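K.L.:
Data: query.tsv, TSV, C-alpha atoms.
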chain	number	residue	atom	x	y	z
A	658	ILE	CA	3.68	4.61	1.14
A	659	LEU	CA	3.08	8.37	1.05
A	660	ILE	CA	4.74	10.52	-1.60
A	661	SER	CA	5.58	14.06	-0.43
A	662	TYR	CA	6.93	17.25	-1.93
A	663	ASN	CA	6.61	20.52	0.02
A	664	SER	CA	3.58	19.03	1.73
A	665	GLU	CA	3.64	20.76	5.13
A	666	GLU	CA	0.02	21.83	4.68
A	667	PHE	CA	-1.18	18.23	4.37
A	668	ILE	CA	1.32	15.78	5.85
A	669	GLY	CA	0.30	16.14	9.51
A	670	ASP	CA	-3.40	15.48	8.90
A	671	CYS	CA	-2.59	12.61	6.54
A	672	LEU	CA	-0.31	10.88	9.05
A	673	ARG	CA	-2.73	11.54	11.90
A	674	SER	CA	-5.49	9.79	9.96
A	675	ALA	CA	-3.15	6.88	9.24
A	676	TYR	CA	-2.24	6.42	12.91
A	677	ASN	CA	-5.82	6.83	14.14
A	678	GLN	CA	-7.02	3.79	12.23
A	679	ALA	CA	-9.30	1.31	14.02
A	680	ARG	CA	-6.93	-1.37	12.71
A	681	ALA	CA	-3.34	-0.23	12.29
A	682	PHE	CA	-1.16	-0.15	9.21
A	683	SER	CA	1.74	-2.56	9.67
A	684	GLU	CA	4.27	0.04	8.51
A	685	LEU	CA	4.22	3.53	7.07
A	686	ILE	CA	6.82	5.19	4.85
A	687	VAL	CA	7.03	8.77	3.58
A	688	VAL	CA	9.16	9.18	0.48
A	689	ASP	CA	10.12	12.85	0.34
A	690	ASN	CA	11.19	14.56	-2.88
A	691	GLY	CA	13.58	17.15	-1.49
A	692	SER	CA	11.01	19.29	0.30
A	693	SER	CA	12.24	22.77	1.25
A	694	ASP	CA	9.42	23.42	3.74
A	695	ARG	CA	8.63	21.73	7.09
A	696	THR	CA	7.39	18.43	5.63
A	697	VAL	CA	10.19	16.25	7.02
A	698	ASP	CA	10.18	18.07	10.37
A	699	ILE	CA	6.46	17.39	10.78
A	700	CYS	CA	7.06	13.70	10.09
A	701	SER	CA	9.27	13.60	13.19
A	702	ASP	CA	6.12	14.21	15.26
A	703	PHE	CA	5.12	10.68	14.21
A	704	PRO	CA	8.15	8.63	15.33
A	705	GLN	CA	6.86	5.35	13.92
A	706	THR	CA	6.98	6.82	10.43
A	707	ARG	CA	10.02	5.98	8.33
A	708	VAL	CA	11.13	8.84	6.10
A	709	ILE	CA	13.13	8.19	2.95
A	710	ALA	CA	14.56	11.58	1.94
A	711	LEU	CA	15.53	11.54	-1.72
A	712	GLY	CA	17.08	15.02	-1.61
A	713	ARG	CA	15.58	15.94	-4.99
A	714	ASN	CA	12.28	15.91	-6.81
A	715	ALA	CA	12.46	12.50	-8.47
A	716	GLY	CA	8.78	12.49	-9.43
A	717	TYR	CA	5.82	10.47	-8.24
A	718	ALA	CA	6.57	7.27	-10.17
A	719	ALA	CA	10.22	7.04	-9.10
A	720	SER	CA	9.34	7.86	-5.49
A	721	ALA	CA	6.65	5.18	-5.44
A	722	ASN	CA	9.19	2.66	-6.76
A	723	VAL	CA	11.60	3.52	-3.94
A	724	GLY	CA	8.81	3.09	-1.41
A	725	ILE	CA	7.57	-0.19	-2.84
A	726	SER	CA	11.10	-1.59	-2.77
A	727	SER	CA	11.35	-0.63	0.92
A	728	VAL	CA	8.24	-2.31	2.34
A	729	SER	CA	7.61	-5.96	3.11
A	730	GLY	CA	3.84	-6.24	3.40
A	731	GLU	CA	1.72	-8.66	1.40
A	732	TYR	CA	-0.40	-5.66	0.38
A	733	VAL	CA	0.96	-2.21	-0.42
A	734	ILE	CA	-0.87	1.13	-0.54
A	735	VAL	CA	0.64	4.02	-2.49
A	736	ALA	CA	-1.02	7.38	-1.79
A	737	ASN	CA	-0.72	11.14	-2.05
A	738	VAL	CA	-0.13	13.07	1.15
A	739	ASP	CA	-3.06	15.38	0.38
A	740	THR	CA	-5.33	12.57	1.49
A	741	ILE	CA	-7.06	11.61	4.72
A	742	PHE	CA	-7.87	7.96	5.44
A	743	ASP	CA	-11.31	7.17	6.82
A	744	LEU	CA	-11.11	5.74	10.35
A	745	LEU	CA	-12.19	2.27	9.15
A	746	PHE	CA	-10.11	2.26	5.96
A	747	VAL	CA	-7.63	-0.46	6.97
A	748	GLU	CA	-10.23	-2.59	8.75
A	749	LYS	CA	-12.64	-2.56	5.80
A	750	LEU	CA	-9.85	-3.18	3.33
A	751	GLN	CA	-8.29	-6.04	5.26
A	752	ASN	CA	-11.64	-7.80	5.67
A	753	TYR	CA	-12.27	-7.44	1.94
A	754	ILE	CA	-8.83	-8.80	1.07
A	755	GLU	CA	-9.24	-11.80	3.36
A	756	ASN	CA	-12.51	-12.69	1.62
A	757	ASN	CA	-11.20	-12.02	-1.90
A	758	PRO	CA	-7.60	-13.23	-2.08
A	759	GLU	CA	-7.74	-13.47	-5.90
A	760	ILE	CA	-7.88	-9.66	-6.34
A	761	ASP	CA	-4.63	-8.02	-7.44
A	762	MET	CA	-5.38	-4.28	-7.30
A	763	ILE	CA	-8.07	-2.39	-5.38
A	764	SER	CA	-9.53	1.04	-5.99
A	765	PRO	CA	-10.95	2.57	-2.80
A	766	LEU	CA	-13.68	5.18	-3.00
A	767	ILE	CA	-11.94	8.55	-3.21
A	768	LEU	CA	-14.04	11.51	-2.10
A	769	ARG	CA	-13.21	15.20	-1.89
A	770	PHE	CA	-12.71	16.73	1.52
A	771	ASP	CA	-16.37	17.79	1.59
A	772	ARG	CA	-17.21	14.05	1.83
A	773	LYS	CA	-20.03	14.60	-0.66
A	774	THR	CA	-18.25	14.81	-4.02
A	775	VAL	CA	-16.62	11.87	-5.80
A	776	ASP	CA	-13.02	12.27	-6.95
A	777	SER	CA	-12.62	8.72	-8.24
A	778	ALA	CA	-14.54	5.45	-8.17
A	779	GLY	CA	-11.89	3.72	-10.25
A	780	GLN	CA	-10.57	4.51	-13.71
A	781	THR	CA	-11.83	3.88	-17.20
A	782	TYR	CA	-10.82	5.51	-20.51
A	783	SER	CA	-12.23	7.39	-23.49
A	784	LYS	CA	-12.29	6.25	-27.12
A	785	ALA	CA	-9.08	8.25	-27.53
A	786	LEU	CA	-7.52	6.21	-24.68
A	787	TYR	CA	-7.55	9.18	-22.33
A	788	PRO	CA	-7.84	8.14	-18.65
A	789	GLN	CA	-11.11	9.06	-16.95
A	790	GLU	CA	-11.95	8.97	-13.25
A	791	ILE	CA	-15.33	7.29	-12.80
A	792	GLY	CA	-17.76	9.62	-11.03
A	793	TYR	CA	-15.36	12.56	-11.14
A	794	ASN	CA	-16.85	15.75	-9.65
A	795	GLN	CA	-20.29	14.16	-9.20
A	796	PRO	CA	-22.34	14.13	-5.97
A	797	ILE	CA	-21.98	10.83	-4.15
A	798	ASP	CA	-25.77	10.43	-3.97
A	799	SER	CA	-26.02	10.46	-7.78
A	800	LEU	CA	-23.89	7.34	-8.31
A	801	ASP	CA	-24.50	3.64	-7.80
A	802	LEU	CA	-21.38	2.90	-5.79
A	803	VAL	CA	-21.15	-0.88	-5.78
A	804	GLU	CA	-18.23	-3.28	-5.87
A	805	ARG	CA	-17.25	-3.91	-9.52
A	806	PRO	CA	-14.27	-4.53	-11.82
A	807	VAL	CA	-12.52	-1.38	-13.07
A	808	PHE	CA	-9.82	-0.81	-15.68
A	809	SER	CA	-7.38	0.95	-13.36
A	810	VAL	CA	-6.99	2.79	-10.07
A	811	CYS	CA	-6.49	6.50	-9.35
A	812	GLY	CA	-2.95	7.29	-8.22
A	813	ALA	CA	-4.21	9.32	-5.24
A	814	ALA	CA	-4.65	5.99	-3.40
A	815	THR	CA	-3.85	2.61	-4.94
A	816	VAL	CA	-3.86	-0.80	-3.26
A	817	PHE	CA	-1.60	-3.53	-4.69
A	818	LYS	CA	-1.12	-7.18	-3.87
A	819	ARG	CA	2.63	-7.73	-3.56
A	820	SER	CA	2.54	-10.65	-6.00
A	821	ALA	CA	0.84	-8.37	-8.56
A	822	LEU	CA	3.61	-5.80	-8.21
A	823	ASP	CA	6.14	-8.53	-8.96
A	824	VAL	CA	4.23	-9.35	-12.16
A	825	LEU	CA	4.05	-5.67	-13.14
A	826	LYS	CA	7.71	-4.93	-12.52
A	827	VAL	CA	9.86	-4.15	-15.58
A	828	GLY	CA	13.56	-4.06	-14.80
A	829	HIS	CA	13.80	-2.15	-11.50
A	830	GLU	CA	10.57	-0.22	-12.06
A	831	TYR	CA	7.05	-0.96	-10.88
A	832	TYR	CA	5.69	2.38	-12.06
A	833	ASP	CA	7.16	3.53	-15.37
A	834	GLU	CA	9.40	6.44	-14.39
A	835	ASP	CA	8.97	8.06	-17.82
A	836	PHE	CA	5.61	9.18	-16.37
A	837	PHE	CA	7.03	11.74	-13.94
A	838	MET	CA	3.80	12.44	-12.05
A	839	PHE	CA	0.79	12.04	-14.35
A	840	TRP	CA	-0.70	9.00	-16.12
A	841	GLU	CA	1.59	6.61	-14.23
A	842	ASP	CA	-1.54	5.13	-12.63
A	843	PHE	CA	-3.26	4.60	-15.99
A	844	ASP	CA	-0.11	3.01	-17.43
A	845	ILE	CA	0.24	0.51	-14.59
A	846	GLY	CA	-3.46	-0.33	-14.96
A	847	TRP	CA	-2.93	-0.88	-18.68
A	848	ARG	CA	-0.11	-3.34	-17.97
A	849	ALA	CA	-2.21	-5.04	-15.29
A	850	ASN	CA	-4.94	-5.68	-17.85
A	851	LYS	CA	-2.46	-7.03	-20.39
A	852	ARG	CA	-1.16	-9.45	-17.76
A	853	GLY	CA	-4.62	-10.63	-16.76
A	854	LEU	CA	-4.59	-9.13	-13.27
A	855	LYS	CA	-7.86	-8.45	-11.47
A	856	THR	CA	-8.67	-4.87	-10.40
A	857	MET	CA	-11.75	-4.10	-8.31
A	858	PHE	CA	-13.46	-0.98	-7.01
A	859	PHE	CA	-14.33	-1.38	-3.31
A	860	PRO	CA	-16.50	1.53	-2.09
A	861	GLU	CA	-16.45	0.68	1.62
A	862	ALA	CA	-12.78	1.66	1.92
A	863	ILE	CA	-12.80	5.45	1.73
A	864	VAL	CA	-10.08	8.05	1.24
A	865	TYR	CA	-10.67	11.81	1.24
A	866	HIS	CA	-8.60	13.75	-1.30
A	867	TYR	CA	-7.87	17.44	-1.69
A	868	ARG	CA	-8.46	18.72	-5.21
A	869	SER	CA	-7.11	22.18	-6.03
A	870	GLY	CA	-9.84	24.71	-6.60
A	871	THR	CA	-12.63	22.65	-5.04
A	872	MET	CA	-12.38	23.58	-1.34
A	873	LYS	CA	-10.60	25.99	0.93
A	874	ARG	CA	-7.55	24.30	2.40
A	875	GLY	CA	-8.32	25.50	5.92
A	876	VAL	CA	-10.95	22.78	6.21
A	877	LEU	CA	-8.28	20.10	6.56
A	878	SER	CA	-7.79	20.17	10.32
A	879	ARG	CA	-11.54	19.95	10.90
A	880	LEU	CA	-11.81	16.77	8.84
A	881	ALA	CA	-8.81	14.87	10.17
Output the structure of this file as structure tokens.
P.N.:
Amino acid sequence: ILISYNSEEFIGDCLRSAYNQARAFSELIVVDNGSSDRTVDICSDFPQTRVIALGRNAGYAASANVGISSVSGEYVIVANVDTIFDLLFVEKLQNYIENNPEIDMISPLILRFDRKTVDSAGQTYSKALYPQEIGYNQPIDSLDLVERPVFSVCGAATVFKRSALDVLKVGHEYYDEDFFMFWEDFDIGWRANKRGLKTMFFPEAIVYHYRSGTMKRGVLSRLA
């Protein structure tokens, strides 16, 4: 599930990386928040993509909930469109899931587009309960990136077991829609911990994420 809003600069490269996987996604949905640019038109270049056009900016959490309610897979990935999936992302992830069926949520390794800087290796929190991305803005070579439990998962790319989403659901909401577009990932991780769900960081599944101010956007097409 990809959440878009005026994302013409990113959506093509993101979808291209999704369809170029060594092992294919079973289905792919773009939930669009009333984009006024060419986002939806670009999606038509990828005819296997299902677009859910909300016609308004409903926010990340609400859009994710619409997407989750529209897919049938045993595992669900919710991601930003300013991401590029590594070629082996699905293959690595599926092998990991098959060998670890008890895991409820998975944090992939999220790198910047330079492929050298860590954006997130899972989430933790400060003493003031402020969410913190593990490894944020640090060189990849400076971190010990090993599989381990983490408190929560960065919203740029989150992997859920369907049964875990059913446990996390409150009313009609998986993500709490009071969190329009920030901290919704930390909140769902908080609830996952309270419900005894297992969240793991898996560094072999890699996603590349644009972070404003860290790299010129023109590099996208060269990385896809």
K.L.:
Write out as a PyMOL selection string each polymer residue whose atoms come within 12 Å of Ala681 (chain A), counting all atoms listed in the file; drop sequence neighbours fewer than 6 positions from it.
P.N.:
chain A and resi 672-675+705+742+744-751
K.L.:
Could you make a table, as a tab-separated table, of the residues of region 710-744 of chain A that have an atom within 8 Å of an atom of region 817-841 of chain A, each with its nearest atom pair and distance in Å to one decimal, counting only C-alpha atoms, in chain and number order?
P.N.:
residue	atom	partner	partner_atom	distance
A:Ala715	CA	A:Phe837	CA	7.7
A:Gly716	CA	A:Phe837	CA	4.9
A:Tyr717	CA	A:Met838	CA	4.7
A:Ala718	CA	A:Glu834	CA	5.1
A:Ala719	CA	A:Glu834	CA	5.4
A:Ala721	CA	A:Tyr832	CA	7.3
A:Asn722	CA	A:Tyr831	CA	5.9
A:Gly730	CA	A:Arg819	CA	7.2
A:Glu731	CA	A:Arg819	CA	5.1
A:Tyr732	CA	A:Lys818	CA	4.6
A:Val733	CA	A:Phe817	CA	5.2
A:Ile734	CA	A:Phe817	CA	6.3
K.L.:
Compare A:Arg713, A:Arg769, A:Arg680, A:Lys855 by their minimum atom-to-atom distance to Tyr867 (chain A), counting only C-alpha atoms, and give me the closest one.
P.N.:
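Using only C-alpha atoms, Tyr867 (chain A) sits closest to A:Arg769.
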K.L.:
If I take CA of Asn714 (chain A) and CA of Thr815 (chain A), how far is one from the other in Å, to one decimal?
P.N.:
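Distance reported for this atom pair: 21.0 Å.
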K.L.:
Show which residues sit within 10 Å of region 794-796 of chain A, as a PyMOL selection string. Count only C-alpha atoms, and ignore same-chain residues fewer than 2 positions away.
P.N.:
chain A and resi 768-769+772-777+790-792+798-800+868+871
K.L.:
From the list A:Val708, A:Val864, A:Ile699, A:Val738, which residue is nearest Val687 (chain A) when using all atoms listed in the file?
P.N.:
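Closest candidate: A:Val708.
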K.L.:
When you count all atoms listed in the file, which of these residues is closest to Glu804 (chain A): A:Ser783, A:Asn850, A:Ser683, A:Thr856?
P.N.:
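Of the candidates, the smallest distance to Glu804 (chain A) is held by A:Thr856.
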K.L.:
Name all residues at most 10 Å from Ser692 (chain A) (count only C-alpha atoms; drop same-chain ones fewer than 3 positions away) and give them as a list in words.
P.N.:
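Within the cut-off, the hits are Ser661, Tyr662, Asn663, Ser664, Glu665, Asp689, Arg695, Thr696, Val697, Ala710, Leu711, Gly712, Arg713 and Asn714 of chain A.
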K.L.:
Store the residues of this selection in a file with C-alpha atoms, as a short mmCIF file (atom, residue, chain, number, x, y, z; two decimals), in the frame of the given file.
P.N.:
data_model
loop_
_atom_site.label_atom_id
_atom_site.label_comp_id
_atom_site.auth_asym_id
_atom_site.auth_seq_id
_atom_site.Cartn_x
_atom_site.Cartn_y
_atom_site.Cartn_z
CA SER A 661 5.58 14.06 -0.43
CA TYR A 662 6.93 17.25 -1.93
CA ASN A 663 6.61 20.52 0.02
CA SER A 664 3.58 19.03 1.73
CA GLU A 665 3.64 20.76 5.13
CA ASP A 689 10.12 12.85 0.34
CA ARG A 695 8.63 21.73 7.09
CA THR A 696 7.39 18.43 5.63
CA VAL A 697 10.19 16.25 7.02
CA ALA A 710 14.56 11.58 1.94
CA LEU A 711 15.53 11.54 -1.72
CA GLY A 712 17.08 15.02 -1.61
CA ARG A 713 15.58 15.94 -4.99
CA ASN A 714 12.28 15.91 -6.81
#
K.L.:
Using Å and a single decimal, report how far CA of Gln678 (chain A) sits from CA of Pro704 (chain A).
P.N.:
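These two atoms are separated by 16.2 Å.
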K.L.:
Given the choices A:Val728, A:Ala785, A:Ile760, A:Val723, which gets closest to Ala849 (chain A) if the distance is worked out from all atoms listed in the file?
P.N.:
A:Ile760
K.L.:
Which value, in Å to one decimal, gives the distance between CA of Phe667 (chain A) and CA of Ser726 (chain A)?
P.N.:
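Result for CA of Phe667 (chain A) versus CA of Ser726 (chain A): 24.4 Å, one decimal.
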K.L.:
Identify which of the residues A:Pro765, A:Gly669, A:Gly691, A:Gly779 lies closest to Tyr753 (chain A), counting all atoms listed in the file when measuring atom-to-atom distances.
P.N.:
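Closest candidate: A:Pro765.
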K.L.:
Provide an axis-aligned box for all listed atoms of region 661-676 of chain A, padding each side by 6 Å; report its centre and its edge lengths in Å to one decimal, as AutoDock Vina command-line options.
P.N.:
--center_x 0.7 --center_y 14.1 --center_z 5.5 --size_x 24.4 --size_y 27.4 --size_z 26.8
K.L.:
Limit the output to N, CA and C atoms and give region 767-797 of chain A as a PDB file, in the first residue's frame.
P.N.:
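Once written, result09.pdb looks like this:
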ATOM      1  N   ILE A 767      15.909   0.982   6.438  1.00  0.00           N
ATOM      2  CA  ILE A 767      15.566   2.125   5.596  1.00  0.00           C
ATOM      3  C   ILE A 767      16.802   3.016   5.469  1.00  0.00           C
ATOM      4  N   LEU A 768      17.304   3.123   4.238  1.00  0.00           N
ATOM      5  CA  LEU A 768      18.461   3.947   3.939  1.00  0.00           C
ATOM      6  C   LEU A 768      18.043   5.167   3.126  1.00  0.00           C
ATOM      7  N   ARG A 769      18.845   6.199   3.160  1.00  0.00           N
ATOM      8  CA  ARG A 769      18.637   7.349   2.289  1.00  0.00           C
ATOM      9  C   ARG A 769      18.945   6.944   0.851  1.00  0.00           C
ATOM     10  N   PHE A 770      18.648   7.806  -0.066  1.00  0.00           N
ATOM     11  CA  PHE A 770      18.891   7.506  -1.473  1.00  0.00           C
ATOM     12  C   PHE A 770      20.372   7.373  -1.806  1.00  0.00           C
ATOM     13  N   ASP A 771      21.255   7.870  -0.942  1.00  0.00           N
ATOM     14  CA  ASP A 771      22.687   7.699  -1.203  1.00  0.00           C
ATOM     15  C   ASP A 771      23.160   6.284  -0.918  1.00  0.00           C
ATOM     16  N   ARG A 772      22.288   5.473  -0.285  1.00  0.00           N
ATOM     17  CA  ARG A 772      22.562   4.075   0.053  1.00  0.00           C
ATOM     18  C   ARG A 772      23.713   3.923   1.037  1.00  0.00           C
ATOM     19  N   LYS A 773      24.069   4.996   1.706  1.00  0.00           N
ATOM     20  CA  LYS A 773      25.162   4.974   2.680  1.00  0.00           C
ATOM     21  C   LYS A 773      24.735   5.476   4.055  1.00  0.00           C
ATOM     22  N   THR A 774      23.600   6.172   4.104  1.00  0.00           N
ATOM     23  CA  THR A 774      23.156   6.816   5.339  1.00  0.00           C
ATOM     24  C   THR A 774      21.871   6.163   5.823  1.00  0.00           C
ATOM     25  N   VAL A 775      21.817   5.848   7.112  1.00  0.00           N
ATOM     26  CA  VAL A 775      20.652   5.188   7.698  1.00  0.00           C
ATOM     27  C   VAL A 775      19.551   6.207   7.986  1.00  0.00           C
ATOM     28  N   ASP A 776      18.349   5.898   7.575  1.00  0.00           N
ATOM     29  CA  ASP A 776      17.180   6.704   7.913  1.00  0.00           C
ATOM     30  C   ASP A 776      16.464   6.091   9.111  1.00  0.00           C
ATOM     31  N   SER A 777      16.353   4.770   9.128  1.00  0.00           N
ATOM     32  CA  SER A 777      15.755   4.090  10.274  1.00  0.00           C
ATOM     33  C   SER A 777      16.145   2.620  10.289  1.00  0.00           C
ATOM     34  N   ALA A 778      16.544   2.171  11.478  1.00  0.00           N
ATOM     35  CA  ALA A 778      16.771   0.741  11.725  1.00  0.00           C
ATOM     36  C   ALA A 778      15.814   0.296  12.822  1.00  0.00           C
ATOM     37  N   GLY A 779      14.564   0.757  12.696  1.00  0.00           N
ATOM     38  CA  GLY A 779      13.562   0.516  13.730  1.00  0.00           C
ATOM     39  C   GLY A 779      13.426   1.719  14.643  1.00  0.00           C
ATOM     40  N   GLN A 780      12.398   1.700  15.465  1.00  0.00           N
ATOM     41  CA  GLN A 780      12.141   2.827  16.369  1.00  0.00           C
ATOM     42  C   GLN A 780      12.336   2.453  17.827  1.00  0.00           C
ATOM     43  N   THR A 781      12.828   3.427  18.582  1.00  0.00           N
ATOM     44  CA  THR A 781      12.831   3.363  20.035  1.00  0.00           C
ATOM     45  C   THR A 781      12.248   4.685  20.531  1.00  0.00           C
ATOM     46  N   TYR A 782      12.499   5.059  21.795  1.00  0.00           N
ATOM     47  CA  TYR A 782      11.937   6.309  22.299  1.00  0.00           C
ATOM     48  C   TYR A 782      12.834   6.876  23.393  1.00  0.00           C
ATOM     49  N   SER A 783      12.690   8.186  23.613  1.00  0.00           N
ATOM     50  CA  SER A 783      13.471   8.876  24.635  1.00  0.00           C
ATOM     51  C   SER A 783      12.791   8.746  25.998  1.00  0.00           C
ATOM     52  N   LYS A 784      13.452   9.271  27.028  1.00  0.00           N
ATOM     53  CA  LYS A 784      12.861   9.253  28.377  1.00  0.00           C
ATOM     54  C   LYS A 784      11.576  10.069  28.426  1.00  0.00           C
ATOM     55  N   ALA A 785      11.451  11.032  27.514  1.00  0.00           N
ATOM     56  CA  ALA A 785      10.243  11.845  27.436  1.00  0.00           C
ATOM     57  C   ALA A 785       9.193  11.217  26.514  1.00  0.00           C
ATOM     58  N   LEU A 786       9.428   9.962  26.114  1.00  0.00           N
ATOM     59  CA  LEU A 786       8.521   9.209  25.238  1.00  0.00           C
ATOM     60  C   LEU A 786       8.394   9.860  23.863  1.00  0.00           C
ATOM     61  N   TYR A 787       9.503  10.406  23.390  1.00  0.00           N
ATOM     62  CA  TYR A 787       9.545  10.974  22.049  1.00  0.00           C
ATOM     63  C   TYR A 787      10.120   9.915  21.113  1.00  0.00           C
ATOM     64  N   PRO A 788       9.446   9.609  19.996  1.00  0.00           N
ATOM     65  CA  PRO A 788       9.940   8.552  19.099  1.00  0.00           C
ATOM     66  C   PRO A 788      11.298   8.901  18.505  1.00  0.00           C
ATOM     67  N   GLN A 789      12.165   7.899  18.405  1.00  0.00           N
ATOM     68  CA  GLN A 789      13.493   8.073  17.840  1.00  0.00           C
ATOM     69  C   GLN A 789      13.765   6.966  16.836  1.00  0.00           C
ATOM     70  N   GLU A 790      14.269   7.359  15.659  1.00  0.00           N
ATOM     71  CA  GLU A 790      14.658   6.386  14.646  1.00  0.00           C
ATOM     72  C   GLU A 790      16.069   5.885  14.964  1.00  0.00           C
ATOM     73  N   ILE A 791      16.220   4.608  15.167  1.00  0.00           N
ATOM     74  CA  ILE A 791      17.523   4.028  15.473  1.00  0.00           C
ATOM     75  C   ILE A 791      18.462   4.231  14.285  1.00  0.00           C
ATOM     76  N   GLY A 792      19.646   4.759  14.550  1.00  0.00           N
ATOM     77  CA  GLY A 792      20.638   4.960  13.496  1.00  0.00           C
ATOM     78  C   GLY A 792      20.412   6.168  12.624  1.00  0.00           C
ATOM     79  N   TYR A 793      19.451   6.997  12.959  1.00  0.00           N
ATOM     80  CA  TYR A 793      19.066   8.123  12.100  1.00  0.00           C
ATOM     81  C   TYR A 793      20.261   9.011  11.749  1.00  0.00           C
ATOM     82  N   ASN A 794      20.458   9.211  10.438  1.00  0.00           N
ATOM     83  CA  ASN A 794      21.477  10.120   9.902  1.00  0.00           C
ATOM     84  C   ASN A 794      22.910   9.643  10.139  1.00  0.00           C
ATOM     85  N   GLN A 795      23.086   8.376  10.467  1.00  0.00           N
ATOM     86  CA  GLN A 795      24.421   7.837  10.703  1.00  0.00           C
ATOM     87  C   GLN A 795      24.889   7.018   9.497  1.00  0.00           C
ATOM     88  N   PRO A 796      26.193   6.988   9.233  1.00  0.00           N
ATOM     89  CA  PRO A 796      26.711   6.151   8.147  1.00  0.00           C
ATOM     90  C   PRO A 796      26.432   4.681   8.426  1.00  0.00           C
ATOM     91  N   ILE A 797      26.060   3.952   7.398  1.00  0.00           N
ATOM     92  CA  ILE A 797      25.709   2.548   7.576  1.00  0.00           C
ATOM     93  C   ILE A 797      26.868   1.736   8.155  1.00  0.00           C
TER      94      ILE A 797
END
